[in-house]
Amino acid sequence: MSEQNKEIVVVIGPGSIGQAIARRVGSGRTLLLAAHSEEATKAAAEQLRGDGFEVATQATDISDPAQVEALAATAAGMGAVTHVIQAAGVSPTQAGIERILHVDLLGTAYVLDAFARVVAPGGAGIVVASMAGHRESPYEREIEHALATTPTDQLLALPFLKSDQIGTTVHAYALSKRANSLRVQTAAAAWGKRGGRVNAISPGVIITPLALDELSGPRREWFEHVREVCAAKRFATSDEVGDAAAFLLGPQAGFITGTDLLMDGGVTSALRVGELTTP
């Protein structure tokens, strides 16, 4: 296959969920894996190559706009960027408020901006957000409008995103994930100008290394209560997220863009009817 006709699947954050999605859309295409840790990126590449996928890597810290732009340029130089998977992020137990805002909120905004300029016609993107973005939403209308429309380089200047206003890492994470959903909604217009689509998916508790950090952390009892009261009565697997994301990235979802699919086993429902309270 010529370079011009080669299809590129960009996987930012090739952990359990990123790999699950990549496995469903990567066959016959080239996977370009990117993560903050060069070691983690190479480990994911080795595993996927061992399963028959064609893989390239580029270490990328998505909180650095220059590195995100470089990743987009690399992808576009390799072929047609038909799929973009943004699954990178840190959790409230893994990082402080500033790091969460720079990676989960700002980093995702950088990815949406950069790949809006290189996605191939007919291409699609997916942002892995979280049910946490639905837990405290909707915020005041002015806050939601600002999260959705503020230029990316001005986002962290918003008064309500100051550390002393946010208070906790849990709230920082929820705000960041709500911003992911809102910015996907507005980014769909820019992606559409190139004939592309972009959506978000908001998983609940998915058993991954990140989730295991949370399950062994200070909110362990809350998560156990979540499992008891949610409609599904269980946590989910990365493969289930992969299946849902593959639909949103595929031709069957050709009329779907700018939306956020909540797949949390009924946790948000339990919160809305008062069977569960926020931690």
# chains A, B, ... in the order shown; residues from 1 in each chain; ligands from 1
>>> select_by_dssp(residues="segment 136-208 of chain A", states="strand (DSSP E or B)", output="VMD selection string")
chain A and resid 197 to 203 206
>>> write_last_selection(atoms="C-alpha atoms", output="compact mmCIF listing (two decimals), in the first residue's frame")
# COMPACT_ATOMS: atom_id res chain seq x y z
CA ARG A 197 -16.59 13.40 12.90
CA VAL A 198 -15.69 13.40 16.59
CA ASN A 199 -17.53 12.05 19.63
CA ALA A 200 -16.90 11.32 23.28
CA ILE A 201 -17.61 8.26 25.34
CA SER A 202 -18.05 8.48 29.13
CA PRO A 203 -17.34 5.14 30.78
CA ILE A 206 -13.81 0.05 33.91
>>> residues_around(residues="Leu261 of chain A", least_positions_apart="2", cutoff="12 Å", atoms="only C-alpha atoms", output="list in words")
Ile126, Val127, Val128, Ala129, Ser130, Met131, Gly133, His134, Ser181, Val184, Gln185, Val198, Asn199, Ala200, Ile201, Ser202, Pro203, Gly204, Val241, Ala244, Ala245, Phe247, Leu248, Ile256, Thr257, Gly258, Thr259, Met263 and Asp264 of chain A
>>> closest_residue(among="A:Pro209, A:Gly196, A:Gly274, A:Gly242", to="Gln94 of chain A", atoms="only C-alpha atoms")
A:Pro209
>>> closest_residue(among="A:Gln67, A:Ala109, A:Arg23, A:Val118", to="Thr150 of chain A", atoms="only C-alpha atoms")
A:Ala109
>>> closest_atom_pairs(of="segment 31-79 of chain A", to="segment 153-161 of chain A", cutoff="12 Å", atoms="only C-alpha atoms", output="Markdown table")
| residue | atom | partner | partner_atom | distance |
| --- | --- | --- | --- | --- |
| A:Ser63 | CA | A:Asp153 | CA | 11.3 |
| A:Asp64 | CA | A:Asp153 | CA | 11.1 |
| A:Pro65 | CA | A:Asp153 | CA | 9.2 |
>>> write_last_selection(atoms="all heavy atoms", output="mmCIF file, in the first residue's frame")
data_model
loop_
_atom_site.group_PDB
_atom_site.id
_atom_site.type_symbol
_atom_site.label_atom_id
_atom_site.label_comp_id
_atom_site.auth_asym_id
_atom_site.auth_seq_id
_atom_site.Cartn_x
_atom_site.Cartn_y
_atom_site.Cartn_z
ATOM 1 N N SER A 63 -0.085 17.569 27.456
ATOM 2 C CA SER A 63 -0.203 18.876 28.107
ATOM 3 C C SER A 63 0.719 19.906 27.450
ATOM 4 O O SER A 63 0.668 21.091 27.788
ATOM 5 C CB SER A 63 0.120 18.767 29.599
ATOM 6 O OG SER A 63 1.487 18.495 29.817
ATOM 7 N N ASP A 64 1.546 19.477 26.500
ATOM 8 C CA ASP A 64 2.458 20.356 25.765
ATOM 9 C C ASP A 64 1.920 20.516 24.339
ATOM 10 O O ASP A 64 1.972 19.570 23.547
ATOM 11 C CB ASP A 64 3.857 19.732 25.733
ATOM 12 C CG ASP A 64 4.877 20.605 25.012
ATOM 13 O OD1 ASP A 64 4.477 21.502 24.242
ATOM 14 O OD2 ASP A 64 6.083 20.362 25.198
ATOM 15 N N PRO A 65 1.409 21.696 23.987
ATOM 16 C CA PRO A 65 0.799 21.858 22.656
ATOM 17 C C PRO A 65 1.764 21.590 21.511
ATOM 18 O O PRO A 65 1.355 21.088 20.463
ATOM 19 C CB PRO A 65 0.321 23.317 22.654
ATOM 20 C CG PRO A 65 1.100 23.984 23.738
ATOM 21 C CD PRO A 65 1.360 22.947 24.764
#
>>> residues_around(residues="Gln19 of chain A", least_positions_apart="4", cutoff="9 Å", atoms="only C-alpha atoms", output="compact mmCIF listing (two decimals) with all heavy atoms, in the first residue's frame")
# COMPACT_ATOMS: atom_id res chain seq x y z
N VAL A 11 -3.47 6.55 18.39
CA VAL A 11 -3.93 6.09 19.70
C VAL A 11 -3.14 6.84 20.77
O VAL A 11 -1.98 6.53 21.03
CB VAL A 11 -3.75 4.57 19.89
CG1 VAL A 11 -4.40 4.12 21.20
CG2 VAL A 11 -4.33 3.81 18.70
N GLY A 13 -2.59 7.49 24.46
CA GLY A 13 -2.92 6.79 25.70
C GLY A 13 -3.24 5.34 25.41
O GLY A 13 -4.38 4.89 25.59
N PRO A 14 -2.24 4.55 24.97
CA PRO A 14 -2.49 3.15 24.59
C PRO A 14 -2.48 2.21 25.79
O PRO A 14 -1.79 1.21 25.81
CB PRO A 14 -1.34 2.86 23.62
CG PRO A 14 -0.21 3.70 24.13
CD PRO A 14 -0.84 4.96 24.65
N GLY A 15 -3.28 2.56 26.80
CA GLY A 15 -3.47 1.67 27.93
C GLY A 15 -4.55 0.66 27.63
O GLY A 15 -4.84 0.37 26.46
N ARG A 23 -7.64 -2.26 18.78
CA ARG A 23 -7.76 -3.61 18.25
C ARG A 23 -9.00 -3.77 17.37
O ARG A 23 -9.02 -4.61 16.47
CB ARG A 23 -7.81 -4.62 19.40
CG ARG A 23 -6.48 -4.79 20.12
CD ARG A 23 -6.60 -5.72 21.31
NE ARG A 23 -5.37 -5.76 22.07
CZ ARG A 23 -4.30 -6.49 21.76
NH1 ARG A 23 -4.35 -7.27 20.69
NH2 ARG A 23 -3.21 -6.45 22.50
N ARG A 24 -10.01 -2.97 17.62
CA ARG A 24 -11.25 -3.08 16.84
C ARG A 24 -11.22 -2.30 15.55
O ARG A 24 -12.00 -2.57 14.64
CB ARG A 24 -12.43 -2.67 17.72
CG ARG A 24 -12.80 -3.76 18.72
CD ARG A 24 -13.54 -3.23 19.94
NE ARG A 24 -13.92 -4.35 20.81
CZ ARG A 24 -13.09 -4.97 21.64
NH1 ARG A 24 -11.83 -4.60 21.72
NH2 ARG A 24 -13.52 -5.97 22.40
N ALA A 44 3.32 -1.13 24.88
CA ALA A 44 2.07 -1.33 24.16
C ALA A 44 2.33 -1.71 22.71
O ALA A 44 1.65 -2.58 22.14
CB ALA A 44 1.22 -0.06 24.24
N LEU A 48 1.07 -5.12 20.71
CA LEU A 48 0.22 -5.06 19.52
C LEU A 48 0.93 -5.64 18.30
O LEU A 48 0.31 -6.30 17.47
CB LEU A 48 -0.21 -3.61 19.28
CG LEU A 48 -1.26 -3.09 20.27
CD1 LEU A 48 -1.33 -1.57 20.24
CD2 LEU A 48 -2.64 -3.69 19.97
N SER A 238 -12.57 -3.23 29.59
CA SER A 238 -12.10 -2.38 28.49
C SER A 238 -12.70 -2.81 27.16
O SER A 238 -12.97 -1.97 26.28
CB SER A 238 -10.57 -2.45 28.41
OG SER A 238 -9.98 -1.91 29.57
N GLY A 242 -14.35 -0.71 24.12
CA GLY A 242 -13.88 -0.88 22.76
C GLY A 242 -15.00 -1.11 21.77
O GLY A 242 -15.01 -0.54 20.67
>>> residues_around(residues="Asp213 of chain A", least_positions_apart="4", cutoff="12 Å", atoms="only C-alpha atoms", output="ChimeraX atom specification")
/A:90-95,205-209,217-220,223
>>> residues_around(residues="Ser269 of chain A", least_positions_apart="6", cutoff="10 Å", atoms="only C-alpha atoms", output="VMD selection string")
chain A and resid 135 230 to 231 275 to 276
>>> closest_residue(among="A:Ile17, A:Leu271, A:Ile85, A:Leu33", to="Glu136 of chain A", atoms="only C-alpha atoms")
A:Leu271
>>> closest_residue(among="A:Ile21, A:Ile12, A:Val68, A:Arg183", to="Thr237 of chain A", atoms="only C-alpha atoms")
A:Ile21
>>> select_by_dssp(residues="segment 53-160 of chain A", states="helix (DSSP H, G or I)", output="PyMOL selection string")
chain A and resi 65-78+97-116+132-135+141-149+152-157+159-160
>>> residues_around(residues="Gly79 of chain A", least_positions_apart="2", cutoff="8 Å", atoms="only C-alpha atoms", output="list in words")
Glu3, Gln4, Asn5, Lys6, Glu7, Ile8, Ala75, Ala76, Gly77 and Val81 of chain A
>>> write_last_selection(atoms="N, CA and C atoms", output="PDB file, in the first residue's frame")
ATOM      1  N   GLU A   3       2.155   5.175   0.582  1.00  0.00           N
ATOM      2  CA  GLU A   3       2.020   6.068   1.725  1.00  0.00           C
ATOM      3  C   GLU A   3       0.753   6.907   1.594  1.00  0.00           C
ATOM      4  N   GLN A   4       0.417   7.314   0.394  1.00  0.00           N
ATOM      5  CA  GLN A   4      -0.748   8.159   0.162  1.00  0.00           C
ATOM      6  C   GLN A   4      -2.030   7.438   0.541  1.00  0.00           C
ATOM      7  N   ASN A   5      -2.075   6.129   0.319  1.00  0.00           N
ATOM      8  CA  ASN A   5      -3.294   5.373   0.586  1.00  0.00           C
ATOM      9  C   ASN A   5      -3.302   4.712   1.964  1.00  0.00           C
ATOM     10  N   LYS A   6      -2.210   4.817   2.711  1.00  0.00           N
ATOM     11  CA  LYS A   6      -2.139   4.185   4.016  1.00  0.00           C
ATOM     12  C   LYS A   6      -3.057   4.899   5.001  1.00  0.00           C
ATOM     13  N   GLU A   7      -3.802   4.130   5.774  1.00  0.00           N
ATOM     14  CA  GLU A   7      -4.699   4.698   6.783  1.00  0.00           C
ATOM     15  C   GLU A   7      -4.036   4.633   8.147  1.00  0.00           C
ATOM     16  N   ILE A   8      -4.106   5.743   8.869  1.00  0.00           N
ATOM     17  CA  ILE A   8      -3.420   5.874  10.145  1.00  0.00           C
ATOM     18  C   ILE A   8      -4.440   5.976  11.278  1.00  0.00           C
ATOM     19  N   ALA A  75       1.484  12.039  12.110  1.00  0.00           N
ATOM     20  CA  ALA A  75       0.382  11.203  11.632  1.00  0.00           C
ATOM     21  C   ALA A  75       0.010  11.557  10.195  1.00  0.00           C
ATOM     22  N   ALA A  76      -0.133  12.849   9.925  1.00  0.00           N
ATOM     23  CA  ALA A  76      -0.516  13.285   8.582  1.00  0.00           C
ATOM     24  C   ALA A  76       0.558  12.944   7.561  1.00  0.00           C
ATOM     25  N   GLY A  77       1.827  12.955   7.987  1.00  0.00           N
ATOM     26  CA  GLY A  77       2.912  12.616   7.087  1.00  0.00           C
ATOM     27  C   GLY A  77       2.993  11.136   6.764  1.00  0.00           C
ATOM     28  N   VAL A  81      -5.196  10.190   8.039  1.00  0.00           N
ATOM     29  CA  VAL A  81      -5.556  10.021   9.454  1.00  0.00           C
ATOM     30  C   VAL A  81      -7.057   9.723   9.531  1.00  0.00           C
TER      31      VAL A  81
END
